[in-house]
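Shown next: data_17.cif, containing mmCIF, C-alpha atoms.
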```cif
data_run
loop_
_atom_site.label_atom_id
_atom_site.label_comp_id
_atom_site.auth_asym_id
_atom_site.auth_seq_id
_atom_site.Cartn_x
_atom_site.Cartn_y
_atom_site.Cartn_z
CA MET A 17 0.00 0.00 0.00
CA PRO A 18 1.84 3.17 -1.13
CA LYS A 19 2.30 5.95 1.41
CA ARG A 20 0.59 8.44 -0.91
CA TYR A 21 -2.57 6.37 -1.02
CA PHE A 22 -2.56 6.09 2.78
CA ASP A 23 -2.21 9.87 3.11
CA GLN A 24 -5.06 10.42 0.66
CA GLU A 25 -7.27 8.13 2.69
CA LEU A 26 -6.30 9.91 5.93
CA LYS A 27 -7.28 13.17 4.28
CA ARG A 28 -10.60 11.65 3.28
CA LEU A 29 -11.11 10.58 6.90
CA ASN A 30 -10.53 14.15 8.07
CA GLU A 31 -12.98 15.48 5.52
CA LYS A 32 -15.66 13.00 6.49
CA LEU A 33 -15.27 13.84 10.17
CA LEU A 34 -15.58 17.54 9.37
CA GLU A 35 -18.72 16.79 7.38
CA MET A 36 -20.08 14.81 10.33
CA ALA A 37 -19.33 17.74 12.66
CA ARG A 38 -21.03 20.13 10.24
CA LEU A 39 -24.16 17.96 10.23
CA ALA A 40 -24.12 17.75 14.03
CA GLU A 41 -23.78 21.54 14.36
CA GLU A 42 -26.62 22.05 11.92
CA ALA A 43 -28.78 19.63 13.91
CA ILE A 44 -28.16 21.56 17.16
CA SER A 45 -28.85 24.88 15.49
CA ARG A 46 -32.07 23.67 13.86
CA ALA A 47 -33.36 21.92 16.98
CA VAL A 48 -32.98 25.09 19.03
CA ARG A 49 -34.41 27.28 16.27
CA ALA A 50 -37.41 24.95 16.17
CA LEU A 51 -37.89 25.75 19.85
CA VAL A 52 -37.31 29.50 19.65
CA GLU A 53 -39.23 30.09 16.43
CA ARG A 54 -41.90 27.55 17.40
CA ASN A 55 -41.41 25.79 14.09
CA ALA A 56 -42.31 22.08 14.12
CA LYS A 57 -41.02 21.56 10.60
CA LEU A 58 -37.46 22.39 11.66
CA ALA A 59 -37.71 19.88 14.50
CA GLU A 60 -38.88 17.18 12.11
CA GLN A 61 -36.00 17.97 9.77
CA VAL A 62 -33.57 17.31 12.64
CA ILE A 63 -35.15 13.93 13.31
CA GLN A 64 -35.02 12.97 9.64
CA ALA A 65 -31.46 14.22 9.09
CA ASP A 66 -30.21 12.02 11.93
CA GLU A 67 -30.30 9.08 9.54
CA THR A 68 -27.62 10.72 7.42
CA ILE A 69 -25.44 11.19 10.50
CA ASN A 70 -25.95 7.55 11.44
CA PHE A 71 -24.94 6.27 8.02
CA LEU A 72 -21.94 8.56 7.96
CA GLU A 73 -20.84 7.16 11.32
CA ILE A 74 -20.79 3.63 9.87
CA GLU A 75 -18.93 4.85 6.78
CA ILE A 76 -16.26 6.56 8.90
CA ASP A 77 -15.88 3.48 11.10
CA GLU A 78 -15.30 1.37 8.02
CA LEU A 79 -12.76 3.84 6.67
CA CYS A 80 -10.89 3.71 10.00
CA LEU A 81 -10.83 -0.08 9.93
CA LYS A 82 -9.57 -0.03 6.36
CA LEU A 83 -6.75 2.34 7.33
CA LEU A 84 -5.88 0.20 10.35
CA ALA A 85 -5.69 -2.86 8.11
CA LEU A 86 -3.12 -1.26 5.85
CA GLN A 87 0.34 -2.62 6.30
CA GLN A 88 1.98 -1.28 9.46
CA PRO A 89 0.60 2.19 9.97
CA LEU A 90 3.04 4.32 11.96
CA ALA A 91 2.40 4.67 15.70
CA VAL A 92 1.37 8.29 15.20
CA ASP A 93 -1.14 7.28 12.51
CA LEU A 94 -2.49 4.48 14.71
CA ARG A 95 -3.21 6.94 17.49
CA PHE A 96 -4.81 9.31 15.04
CA ILE A 97 -7.12 6.63 13.65
CA ALA A 98 -8.01 5.34 17.12
CA SER A 99 -8.94 8.91 18.08
CA ALA A 100 -10.98 9.26 14.91
CA LEU A 101 -13.01 6.17 15.92
CA LYS A 102 -13.83 7.75 19.27
CA ILE A 103 -14.56 11.19 17.89
CA ASN A 104 -16.84 9.67 15.28
CA ASN A 105 -18.80 8.04 18.10
CA ASP A 106 -18.96 11.34 20.01
CA LEU A 107 -20.28 13.20 16.97
CA GLU A 108 -22.99 10.62 16.42
CA ARG A 109 -24.06 11.09 20.03
CA ILE A 110 -24.13 14.84 19.60
CA GLY A 111 -26.56 14.19 16.75
CA ASP A 112 -28.68 12.06 19.10
CA GLN A 113 -28.77 14.86 21.66
CA ALA A 114 -29.97 17.26 18.95
CA VAL A 115 -32.76 14.77 18.17
CA ASN A 116 -33.68 14.74 21.86
CA ILE A 117 -33.90 18.54 21.80
CA ALA A 118 -36.05 18.40 18.65
CA GLU A 119 -38.41 15.95 20.39
CA ARG A 120 -38.69 18.22 23.45
CA SER A 121 -39.35 21.12 21.09
CA LEU A 122 -42.21 19.28 19.39
CA ASP A 123 -43.68 18.62 22.81
CA LEU A 124 -43.29 22.25 23.87
CA LEU A 125 -44.88 23.56 20.67
CA LYS A 126 -48.16 21.91 21.67
CA GLN A 127 -48.31 24.14 24.75
CA PRO A 128 -48.35 27.93 25.16
CA LEU A 129 -44.97 29.67 25.44
CA LEU A 130 -43.70 29.56 29.02
CA LYS A 131 -41.28 32.46 28.72
CA PRO A 132 -39.14 34.14 26.08
CA LEU A 133 -36.04 32.00 25.64
CA ILE A 134 -32.78 33.82 26.15
CA ASP A 135 -30.32 31.57 27.95
CA ILE A 136 -31.13 28.40 26.01
CA PRO A 137 -30.25 29.89 22.60
CA ARG A 138 -27.11 31.36 24.16
CA MET A 139 -26.18 27.97 25.57
CA ALA A 140 -26.91 26.34 22.22
CA ALA A 141 -24.67 28.80 20.39
CA LEU A 142 -21.85 28.08 22.84
CA ALA A 143 -22.27 24.30 22.54
CA GLN A 144 -22.43 24.47 18.76
CA LYS A 145 -19.24 26.54 18.61
CA MET A 146 -17.55 24.01 20.91
CA VAL A 147 -18.41 21.20 18.50
CA LYS A 148 -17.02 23.16 15.56
CA ASP A 149 -13.84 24.13 17.39
CA SER A 150 -13.26 20.64 18.73
CA LEU A 151 -13.16 19.25 15.21
CA ASP A 152 -10.97 22.09 13.97
CA ALA A 153 -8.64 21.33 16.87
CA PHE A 154 -8.57 17.67 15.87
CA VAL A 155 -7.97 18.21 12.17
CA ASN A 156 -5.29 20.85 12.78
CA GLN A 157 -3.87 19.07 15.83
CA ASP A 158 -4.27 22.38 17.63
CA THR A 159 -3.99 21.71 21.38
CA LYS A 160 -4.27 25.40 22.30
CA LEU A 161 -7.69 25.55 20.73
CA ALA A 162 -8.57 22.19 22.30
CA ARG A 163 -7.71 23.46 25.78
CA ARG A 164 -9.71 26.64 25.24
CA VAL A 165 -12.76 24.54 24.31
CA CYS A 166 -12.39 22.50 27.51
CA GLU A 167 -12.42 25.71 29.53
CA ARG A 168 -15.65 26.84 27.91
CA ASP A 169 -17.38 23.74 29.26
CA ASP A 170 -17.69 25.46 32.66
CA GLU A 171 -19.47 28.39 31.04
CA VAL A 172 -22.07 26.02 29.59
CA ASP A 173 -22.46 24.26 32.94
CA ASP A 174 -23.01 27.60 34.69
CA LEU A 175 -25.64 28.65 32.15
CA ASN A 176 -27.36 25.32 32.62
CA ASP A 177 -27.43 25.74 36.41
CA GLN A 178 -28.87 29.21 35.95
CA ILE A 179 -31.59 27.94 33.60
CA PHE A 180 -32.35 25.14 36.03
CA ARG A 181 -32.77 27.46 39.02
CA GLU A 182 -34.90 29.91 37.07
CA LEU A 183 -37.22 27.15 35.90
CA LEU A 184 -37.52 25.74 39.41
CA THR A 185 -38.76 29.16 40.51
CA TYR A 186 -41.35 29.18 37.73
CA MET A 187 -42.63 25.77 38.79
CA MET A 188 -42.83 26.72 42.47
CA GLN A 189 -44.80 29.85 41.69
CA ASP A 190 -47.20 28.28 39.23
CA PRO A 191 -47.74 24.51 39.02
CA LYS A 192 -49.34 24.96 35.59
CA THR A 193 -45.85 25.62 34.23
CA ILE A 194 -44.38 22.35 35.51
CA ALA A 195 -44.64 20.18 32.39
CA ARG A 196 -43.15 22.89 30.18
CA ALA A 197 -40.45 23.82 32.69
CA VAL A 198 -39.35 20.17 32.93
CA ASP A 199 -39.12 20.02 29.13
CA LEU A 200 -36.90 23.10 29.13
CA ILE A 201 -34.75 21.68 31.93
CA LEU A 202 -34.19 18.62 29.77
CA VAL A 203 -33.28 20.78 26.78
CA GLY A 204 -30.67 22.44 29.02
CA ARG A 205 -29.34 19.02 30.02
CA HIS A 206 -29.06 17.91 26.39
CA LEU A 207 -27.10 21.04 25.53
CA GLU A 208 -24.85 20.48 28.52
CA ARG A 209 -24.28 16.93 27.31
CA ILE A 210 -23.32 18.23 23.84
CA ALA A 211 -20.74 20.52 25.44
CA ASP A 212 -19.43 17.52 27.42
CA LEU A 213 -19.05 15.49 24.24
CA ALA A 214 -17.18 18.36 22.55
CA THR A 215 -14.96 18.51 25.64
CA ASN A 216 -14.30 14.75 25.34
CA ILE A 217 -13.18 15.29 21.77
CA CYS A 218 -10.78 18.04 22.85
CA GLU A 219 -9.36 15.94 25.65
CA ASP A 220 -8.66 13.25 23.07
CA VAL A 221 -6.94 15.84 20.86
CA VAL A 222 -4.62 16.93 23.68
CA TYR A 223 -3.84 13.31 24.48
CA LEU A 224 -3.23 12.54 20.83
CA VAL A 225 -0.87 15.45 20.27
CA ASP A 226 0.87 15.91 23.63
CA GLY A 227 0.53 12.36 24.93
CA LYS A 228 -0.79 13.98 28.13
CA THR A 229 -4.20 13.24 29.47
CA ILE A 230 -6.30 16.17 30.67
CA LYS A 231 -9.24 13.81 30.90
CA HIS A 232 -10.62 13.40 34.36
CA HIS A 233 -8.17 16.13 35.51
CA VAL A 234 -5.44 13.54 35.91
CA GLU A 235 -3.01 16.22 34.78
CA GLU A 236 -3.96 18.59 37.58
CA ARG A 237 -3.55 15.87 40.13
CA SER A 238 -0.15 14.78 38.90
CA ASP A 239 1.00 18.43 38.96
CA SER A 240 0.11 18.83 42.57
CA MET B 25 5.37 -10.86 17.37
CA PRO B 26 4.37 -14.50 17.98
CA LYS B 27 0.70 -15.37 17.59
CA ARG B 28 0.62 -16.80 21.10
CA TYR B 29 1.73 -13.51 22.64
CA PHE B 30 -0.92 -11.68 20.65
CA ASP B 31 -3.61 -14.08 21.87
CA GLN B 32 -2.44 -13.64 25.45
CA GLU B 33 -2.70 -9.90 25.11
CA LEU B 34 -6.17 -10.20 23.58
CA LYS B 35 -7.20 -12.28 26.56
CA ARG B 36 -5.80 -9.62 28.88
CA LEU B 37 -7.87 -7.03 27.00
CA ASN B 38 -11.01 -9.09 27.58
CA GLU B 39 -10.24 -9.42 31.26
CA LYS B 40 -9.64 -5.72 31.69
CA LEU B 41 -12.89 -4.88 29.95
CA LEU B 42 -14.76 -7.29 32.21
CA GLU B 43 -13.11 -5.65 35.22
CA MET B 44 -14.16 -2.25 33.91
CA ALA B 45 -17.74 -3.51 33.49
CA ARG B 46 -17.69 -4.92 37.01
CA LEU B 47 -16.59 -1.55 38.40
CA ALA B 48 -19.30 0.22 36.39
CA GLU B 49 -21.99 -2.18 37.66
CA GLU B 50 -20.81 -1.70 41.22
CA ALA B 51 -20.96 2.07 40.78
CA ILE B 52 -24.57 1.91 39.57
CA SER B 53 -25.57 -0.41 42.38
CA ARG B 54 -23.91 1.72 45.07
CA ALA B 55 -25.26 5.01 43.71
CA VAL B 56 -28.82 3.72 43.82
CA ARG B 57 -28.33 2.07 47.21
CA ALA B 58 -27.07 5.43 48.48
CA LEU B 59 -30.38 6.88 47.38
CA VAL B 60 -32.62 4.12 48.69
CA GLU B 61 -30.80 3.58 51.99
CA ARG B 62 -30.18 7.34 52.39
CA ASN B 63 -26.48 6.62 52.87
CA ALA B 64 -24.19 9.51 51.88
CA LYS B 65 -21.07 7.44 52.42
CA LEU B 66 -22.02 5.07 49.60
CA ALA B 67 -22.54 8.03 47.28
CA GLU B 68 -19.12 9.39 48.15
CA GLN B 69 -17.57 5.99 47.48
CA VAL B 70 -19.01 6.06 43.96
CA ILE B 71 -17.49 9.47 43.32
CA GLN B 72 -14.09 8.35 44.61
CA ALA B 73 -14.10 5.03 42.77
CA ASP B 74 -14.65 6.81 39.46
CA GLU B 75 -10.95 7.63 39.41
CA THR B 76 -10.14 3.92 39.18
CA ILE B 77 -12.51 3.57 36.23
CA ASN B 78 -10.90 6.56 34.54
CA PHE B 79 -7.39 5.19 34.93
CA LEU B 80 -8.50 1.78 33.71
CA GLU B 81 -9.99 3.41 30.62
CA ILE B 82 -6.61 4.89 29.73
CA GLU B 83 -4.88 1.57 30.40
CA ILE B 84 -7.30 -0.30 28.11
CA ASP B 85 -6.90 2.32 25.38
CA GLU B 86 -3.14 1.88 25.53
CA LEU B 87 -3.47 -1.89 25.39
CA CYS B 88 -5.68 -1.58 22.28
CA LEU B 89 -3.16 0.69 20.60
CA LYS B 90 -0.38 -1.74 21.43
CA LEU B 91 -2.35 -4.60 19.89
CA LEU B 92 -3.13 -2.54 16.80
CA ALA B 93 0.56 -1.76 16.41
CA LEU B 94 1.50 -5.43 16.30
CA GLN B 95 2.42 -6.62 12.87
CA GLN B 96 -0.62 -7.17 10.72
CA PRO B 97 -3.44 -8.16 13.04
CA LEU B 98 -6.05 -10.17 11.15
CA ALA B 99 -9.14 -8.31 9.94
CA VAL B 100 -11.25 -10.08 12.54
CA ASP B 101 -8.86 -9.02 15.32
CA LEU B 102 -8.82 -5.45 14.01
CA ARG B 103 -12.57 -5.27 14.27
CA PHE B 104 -12.46 -6.76 17.71
CA ILE B 105 -9.92 -4.22 18.95
CA ALA B 106 -11.76 -1.31 17.34
CA SER B 107 -14.92 -2.48 19.13
CA ALA B 108 -12.99 -2.75 22.39
CA LEU B 109 -11.96 0.91 22.05
CA LYS B 110 -15.59 1.95 21.71
CA ILE B 111 -16.87 -0.29 24.45
CA ASN B 112 -14.18 0.99 26.78
CA ASN B 113 -15.44 4.51 26.13
CA ASP B 114 -19.03 3.42 26.77
CA LEU B 115 -18.12 1.81 30.08
CA GLU B 116 -16.33 4.91 31.24
CA ARG B 117 -19.45 6.92 30.47
CA ILE B 118 -21.59 4.48 32.38
CA GLY B 119 -19.30 5.22 35.32
CA ASP B 120 -19.90 8.94 34.80
CA GLN B 121 -23.65 8.40 34.84
CA ALA B 122 -23.31 6.54 38.13
CA VAL B 123 -21.42 9.54 39.50
CA ASN B 124 -24.26 11.79 38.35
CA ILE B 125 -26.72 9.58 40.23
CA ALA B 126 -24.50 9.68 43.32
CA GLU B 127 -24.46 13.50 43.16
CA ARG B 128 -28.25 13.63 42.86
CA SER B 129 -28.45 11.23 45.80
CA LEU B 130 -26.30 13.48 47.97
CA ASP B 131 -28.60 16.36 47.09
CA LEU B 132 -31.71 14.34 47.88
CA LEU B 133 -30.34 13.16 51.23
CA LYS B 134 -30.36 16.76 52.46
CA GLN B 135 -34.13 16.82 52.03
CA PRO B 136 -36.91 14.71 53.54
CA LEU B 137 -37.89 11.56 51.64
CA LEU B 138 -40.39 12.38 48.89
CA LYS B 139 -41.80 8.88 48.52
CA PRO B 140 -40.68 5.27 48.95
CA LEU B 141 -38.62 4.39 45.90
CA ILE B 142 -39.83 1.34 44.02
CA ASP B 143 -39.46 1.92 40.29
CA ILE B 144 -36.02 3.54 40.45
CA PRO B 145 -34.32 0.53 42.13
CA ARG B 146 -36.11 -1.73 39.66
CA MET B 147 -34.86 0.36 36.77
CA ALA B 148 -31.36 0.37 38.25
CA ALA B 149 -31.34 -3.44 38.56
CA LEU B 150 -32.40 -3.73 34.92
CA ALA B 151 -29.77 -1.27 33.73
CA GLN B 152 -27.06 -2.94 35.78
CA LYS B 153 -27.94 -6.35 34.36
CA MET B 154 -27.85 -4.90 30.85
CA VAL B 155 -24.29 -3.66 31.45
CA LYS B 156 -23.23 -7.08 32.73
CA ASP B 157 -24.87 -8.95 29.86
CA SER B 158 -23.54 -6.58 27.23
CA LEU B 159 -19.97 -7.35 28.29
CA ASP B 160 -20.66 -11.07 28.50
CA ALA B 161 -22.09 -10.86 24.99
CA PHE B 162 -18.94 -9.10 23.81
CA VAL B 163 -16.47 -11.44 25.43
CA ASN B 164 -18.35 -14.56 24.28
CA GLN B 165 -19.31 -13.04 20.92
CA ASP B 166 -22.87 -14.00 21.79
CA THR B 167 -25.19 -12.13 19.45
CA LYS B 168 -28.31 -13.80 20.81
CA LEU B 169 -27.64 -12.36 24.24
CA ALA B 170 -26.71 -9.02 22.65
CA ARG B 171 -30.04 -8.84 20.84
CA ARG B 172 -31.94 -9.70 24.00
CA VAL B 173 -30.20 -6.84 25.83
CA CYS B 174 -31.23 -4.41 23.08
CA GLU B 175 -34.85 -5.48 23.50
CA ARG B 176 -34.73 -4.78 27.23
CA ASP B 177 -33.91 -1.15 26.48
CA ASP B 178 -37.60 -0.50 25.79
CA GLU B 179 -38.51 -1.84 29.22
CA VAL B 180 -36.16 0.67 30.83
CA ASP B 181 -37.56 3.47 28.70
CA ASP B 182 -41.11 2.56 29.71
CA LEU B 183 -40.19 2.52 33.40
CA ASN B 184 -38.54 5.90 32.98
CA ASP B 185 -41.66 7.36 31.36
CA GLN B 186 -43.75 5.97 34.18
CA ILE B 187 -41.46 7.49 36.83
CA PHE B 188 -41.53 10.78 34.98
CA ARG B 189 -45.33 10.94 34.82
CA GLU B 190 -45.72 9.97 38.46
CA LEU B 191 -43.30 12.67 39.57
CA LEU B 192 -45.02 15.27 37.43
CA THR B 193 -48.23 14.48 39.33
CA TYR B 194 -46.44 14.94 42.65
CA MET B 195 -45.14 18.33 41.59
CA MET B 196 -48.52 19.50 40.35
CA GLN B 197 -50.22 18.51 43.59
CA ASP B 198 -47.61 19.97 45.89
CA PRO B 199 -45.06 22.55 44.74
CA LYS B 200 -42.94 21.81 47.82
CA THR B 201 -41.97 18.52 46.18
CA ILE B 202 -40.63 20.12 43.00
CA ALA B 203 -36.90 20.25 43.77
CA ARG B 204 -36.85 16.62 44.94
CA ALA B 205 -39.04 15.41 42.10
CA VAL B 206 -36.74 17.04 39.55
CA ASP B 207 -33.75 15.31 41.19
CA LEU B 208 -35.52 11.97 40.88
CA ILE B 209 -36.47 12.66 37.26
CA LEU B 210 -32.78 13.23 36.57
CA VAL B 211 -31.85 9.96 38.30
CA GLY B 212 -34.31 8.24 35.98
CA ARG B 213 -32.69 9.90 32.97
CA HIS B 214 -29.22 8.80 34.06
CA LEU B 215 -30.41 5.21 34.40
CA GLU B 216 -32.04 5.41 31.00
CA ARG B 217 -28.75 6.68 29.61
CA ILE B 218 -26.89 3.73 31.18
CA ALA B 219 -29.30 1.34 29.46
CA ASP B 220 -28.67 3.20 26.18
CA LEU B 221 -24.93 2.80 26.58
CA ALA B 222 -25.32 -0.94 27.27
CA THR B 223 -27.50 -1.11 24.15
CA ASN B 224 -24.75 0.64 22.16
CA ILE B 225 -22.31 -2.01 23.32
CA CYS B 226 -24.66 -4.79 22.20
CA GLU B 227 -25.23 -3.17 18.83
CA ASP B 228 -21.47 -3.13 18.38
CA VAL B 229 -21.30 -6.82 19.33
CA VAL B 230 -23.88 -7.77 16.68
CA TYR B 231 -22.03 -5.69 14.10
CA LEU B 232 -18.73 -7.22 15.10
CA VAL B 233 -19.96 -10.81 14.89
CA ASP B 234 -22.57 -10.74 12.13
CA GLY B 235 -21.28 -7.76 10.18
CA LYS B 236 -24.86 -6.50 10.30
CA THR B 237 -25.77 -3.20 11.86
CA ILE B 238 -28.80 -3.11 14.14
CA LYS B 239 -27.75 0.35 15.19
CA HIS B 240 -30.28 3.03 14.35
CA HIS B 241 -32.64 0.27 13.15
CA VAL B 242 -30.93 0.22 9.77
CA GLU B 243 -31.57 -3.50 9.70
CA GLU B 244 -35.32 -3.09 10.08
CA ARG B 245 -35.40 -0.59 7.30
CA SER B 246 -33.38 -2.69 4.89
CA ASP B 247 -35.62 -5.69 5.62
CA SER B 248 -38.73 -3.82 4.64
#
```
Before we go any further, please render this structure as structure tokens.
Amino acid sequence: MPKRYFDQELKRLNEKLLEMARLAEEAISRAVRALVERNAKLAEQVIQADETINFLEIEIDELCLKLLALQQPLAVDLRFIASALKINNDLERIGDQAVNIAERSLDLLKQPLLKPLIDIPRMAALAQKMVKDSLDAFVNQDTKLARRVCERDDEVDDLNDQIFRELLTYMMQDPKTIARAVDLILVGRHLERIADLATNICEDVVYLVDGKTIKHHVEERSDS
Amino acid sequence: MPKRYFDQELKRLNEKLLEMARLAEEAISRAVRALVERNAKLAEQVIQADETINFLEIEIDELCLKLLALQQPLAVDLRFIASALKINNDLERIGDQAVNIAERSLDLLKQPLLKPLIDIPRMAALAQKMVKDSLDAFVNQDTKLARRVCERDDEVDDLNDQIFRELLTYMMQDPKTIARAVDLILVGRHLERIADLATNICEDVVYLVDGKTIKHHVEERSDS
């Protein structure tokens, strides 16, 4: 298997992962727009488009296996392909979370608006940017960007806590809001989960490039 | 690299994955016992033990990479190792979900008991069994067992819906229960997520052994 062919296939793997990330970002954006604009059609599009993401996941897995089967990939390429397998999995799950949001949105659209949504779209924009940056960090092996993405995870968590507390207050004051508030709490959770998955990807990038794990804050501990 | 050494290392990989699954099961069991028995110490044990799971994840990843780097693993071994990488990731996430449950439990222990817990321990037992069976299915390449685990996912989902509806009723009737009910709803979600992760593992087992994907119900569609 000539080196040039291997490199071409690696490049194709990168492109497919970027495409997968693009689809995942689009799914997040549409699912939240469905909620904000009260547009059921957008939510249904997210649910339908998930099939494309699922097929692409299988395609990328197969491409990784093909690359692994090539004669003696270098250690650095092995690590890269193993990371690609994981990241592929993470992106597919981000797509699933977007579907969950779309389903919550469809449920919420059947009921009157609880409150104007401000923090949820802000959280969604943050999470979406994290997904984009995590894949850019992977493709460009950019650990600085990867570390910055990991830091932003706290911002998303804080926003989620804020949303959660606000919605609890709504429910306490008016039990009629409970069903809708719980739906919105779950939307917040799904967005938080998307940010976690993007953080996972970035932790894998740092490990891939620097050989250091920042996963589970092992790094911090070993520094102390 | 002699074949026998490779086989030994594959066996070691299996054993480590089983150990990881055992730790994950124990974490689920303890986290829910913490909740049911109102025992904060158990919850704290789950949070502490997660470090062991996290280190084991890294160890298993490294073992997979080592096996991939050996000269020309057979296609069937490649697929097996690639699946091991994914399953390792899934098990670590199951551990994280157990930590989430432990955190919710600690929060709930600060407040009076909302209601005797019946469905949540039942759901936890189901989810825990799914994790155990999914790893047995992997190690024994048992697709029958894997398919049975996937079917049980619906049972967990139904229980979760039931818990959710019951807690909504509590909140509507008495706003003082809202904070606790939301905590319990989240515990239900985490258990549902654990069952999903075990289902993922089983879908990978079927794909690994039969080369057929039952992920995303592609199989159903192509049959129709």
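You can rank B:Gln152, B:Asn112, B:Thr193, B:Thr167 by their closest distance to Cys226 (chain B) using all atoms listed in the file, and at the top of that list sits B:Thr167.
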Please tabulate, as JSON lines, the residues of region 38-149 of chain A that come within 12 Å of region 70-86 of chain B, each with its closest pair of atoms and the distance in Å to one decimal, counting all atoms listed in the file and ordering rows by chain, then residue number upward.
```
{"residue": "A:Ala91", "atom": "CA", "partner": "B:Glu86", "partner_atom": "CA", "distance": 11.6}
{"residue": "A:Leu94", "atom": "CA", "partner": "B:Glu86", "partner_atom": "CA", "distance": 11.1}
{"residue": "A:Arg95", "atom": "CA", "partner": "B:Glu86", "partner_atom": "CA", "distance": 9.5}
{"residue": "A:Ala98", "atom": "CA", "partner": "B:Asp85", "partner_atom": "CA", "distance": 8.9}
{"residue": "A:Ser99", "atom": "CA", "partner": "B:Asp85", "partner_atom": "CA", "distance": 10.0}
{"residue": "A:Leu101", "atom": "CA", "partner": "B:Asp85", "partner_atom": "CA", "distance": 11.9}
{"residue": "A:Lys102", "atom": "CA", "partner": "B:Asp85", "partner_atom": "CA", "distance": 10.7}
```
Report as a tab-separated table (two decimals) with C-alpha atoms, in the coordinates of the input the full result of the PyMOL selection byres ((chain A and resi 221) around 10) when it is applied to this structure.
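Resulting contents of expr_35.tsv:
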```tsv
chain	number	residue	atom	x	y	z
A	96	PHE	CA	-4.81	9.31	15.04
A	99	SER	CA	-8.94	8.91	18.08
A	100	ALA	CA	-10.98	9.26	14.91
A	103	ILE	CA	-14.56	11.19	17.89
A	150	SER	CA	-13.26	20.64	18.73
A	151	LEU	CA	-13.16	19.25	15.21
A	153	ALA	CA	-8.64	21.33	16.87
A	154	PHE	CA	-8.57	17.67	15.87
A	155	VAL	CA	-7.97	18.21	12.17
A	156	ASN	CA	-5.29	20.85	12.78
A	157	GLN	CA	-3.87	19.07	15.83
A	158	ASP	CA	-4.27	22.38	17.63
A	159	THR	CA	-3.99	21.71	21.38
A	161	LEU	CA	-7.69	25.55	20.73
A	162	ALA	CA	-8.57	22.19	22.30
A	163	ARG	CA	-7.71	23.46	25.78
A	215	THR	CA	-14.96	18.51	25.64
A	216	ASN	CA	-14.30	14.75	25.34
A	217	ILE	CA	-13.18	15.29	21.77
A	218	CYS	CA	-10.78	18.04	22.85
A	219	GLU	CA	-9.36	15.94	25.65
A	220	ASP	CA	-8.66	13.25	23.07
A	222	VAL	CA	-4.62	16.93	23.68
A	223	TYR	CA	-3.84	13.31	24.48
A	224	LEU	CA	-3.23	12.54	20.83
A	225	VAL	CA	-0.87	15.45	20.27
A	226	ASP	CA	0.87	15.91	23.63
A	227	GLY	CA	0.53	12.36	24.93
A	228	LYS	CA	-0.79	13.98	28.13
A	229	THR	CA	-4.20	13.24	29.47
A	230	ILE	CA	-6.30	16.17	30.67
```
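The residues caught by the PyMOL selection byres ((chain A and resi 88) around 12) in this file are Met17, Pro18, Lys19, Phe22, Leu83, Leu84, Ala85, Leu86, Gln87, Pro89, Leu90, Ala91, Val92, Asp93 and Leu94 of chain A; Leu91, Leu92, Ala93, Leu94, Gln95, Gln96 and Pro97 of chain B.
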Run through the PyMOL selection byres ((chain A and resi 133) around 12) on the given coordinates and return the selected residues as an mmCIF file with C-alpha atoms, in the coordinates of the input.
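Generated output (expr35.cif):
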```cif
data_model
loop_
_atom_site.group_PDB
_atom_site.id
_atom_site.type_symbol
_atom_site.label_atom_id
_atom_site.label_comp_id
_atom_site.auth_asym_id
_atom_site.auth_seq_id
_atom_site.Cartn_x
_atom_site.Cartn_y
_atom_site.Cartn_z
ATOM 1 C CA VAL A 48 -32.980 25.090 19.030
ATOM 2 C CA ARG A 49 -34.410 27.280 16.270
ATOM 3 C CA ALA A 50 -37.410 24.950 16.170
ATOM 4 C CA LEU A 51 -37.890 25.750 19.850
ATOM 5 C CA VAL A 52 -37.310 29.500 19.650
ATOM 6 C CA GLU A 53 -39.230 30.090 16.430
ATOM 7 C CA ARG A 54 -41.900 27.550 17.400
ATOM 8 C CA LEU A 129 -44.970 29.670 25.440
ATOM 9 C CA LEU A 130 -43.700 29.560 29.020
ATOM 10 C CA LYS A 131 -41.280 32.460 28.720
ATOM 11 C CA PRO A 132 -39.140 34.140 26.080
ATOM 12 C CA ILE A 134 -32.780 33.820 26.150
ATOM 13 C CA ASP A 135 -30.320 31.570 27.950
ATOM 14 C CA ILE A 136 -31.130 28.400 26.010
ATOM 15 C CA PRO A 137 -30.250 29.890 22.600
ATOM 16 C CA ARG A 138 -27.110 31.360 24.160
ATOM 17 C CA MET A 139 -26.180 27.970 25.570
ATOM 18 C CA ALA A 140 -26.910 26.340 22.220
ATOM 19 C CA ILE A 179 -31.590 27.940 33.600
ATOM 20 C CA GLU A 182 -34.900 29.910 37.070
ATOM 21 C CA LEU A 183 -37.220 27.150 35.900
ATOM 22 C CA ALA A 197 -40.450 23.820 32.690
ATOM 23 C CA LEU A 200 -36.900 23.100 29.130
ATOM 24 C CA VAL A 203 -33.280 20.780 26.780
ATOM 25 C CA GLY A 204 -30.670 22.440 29.020
#
```
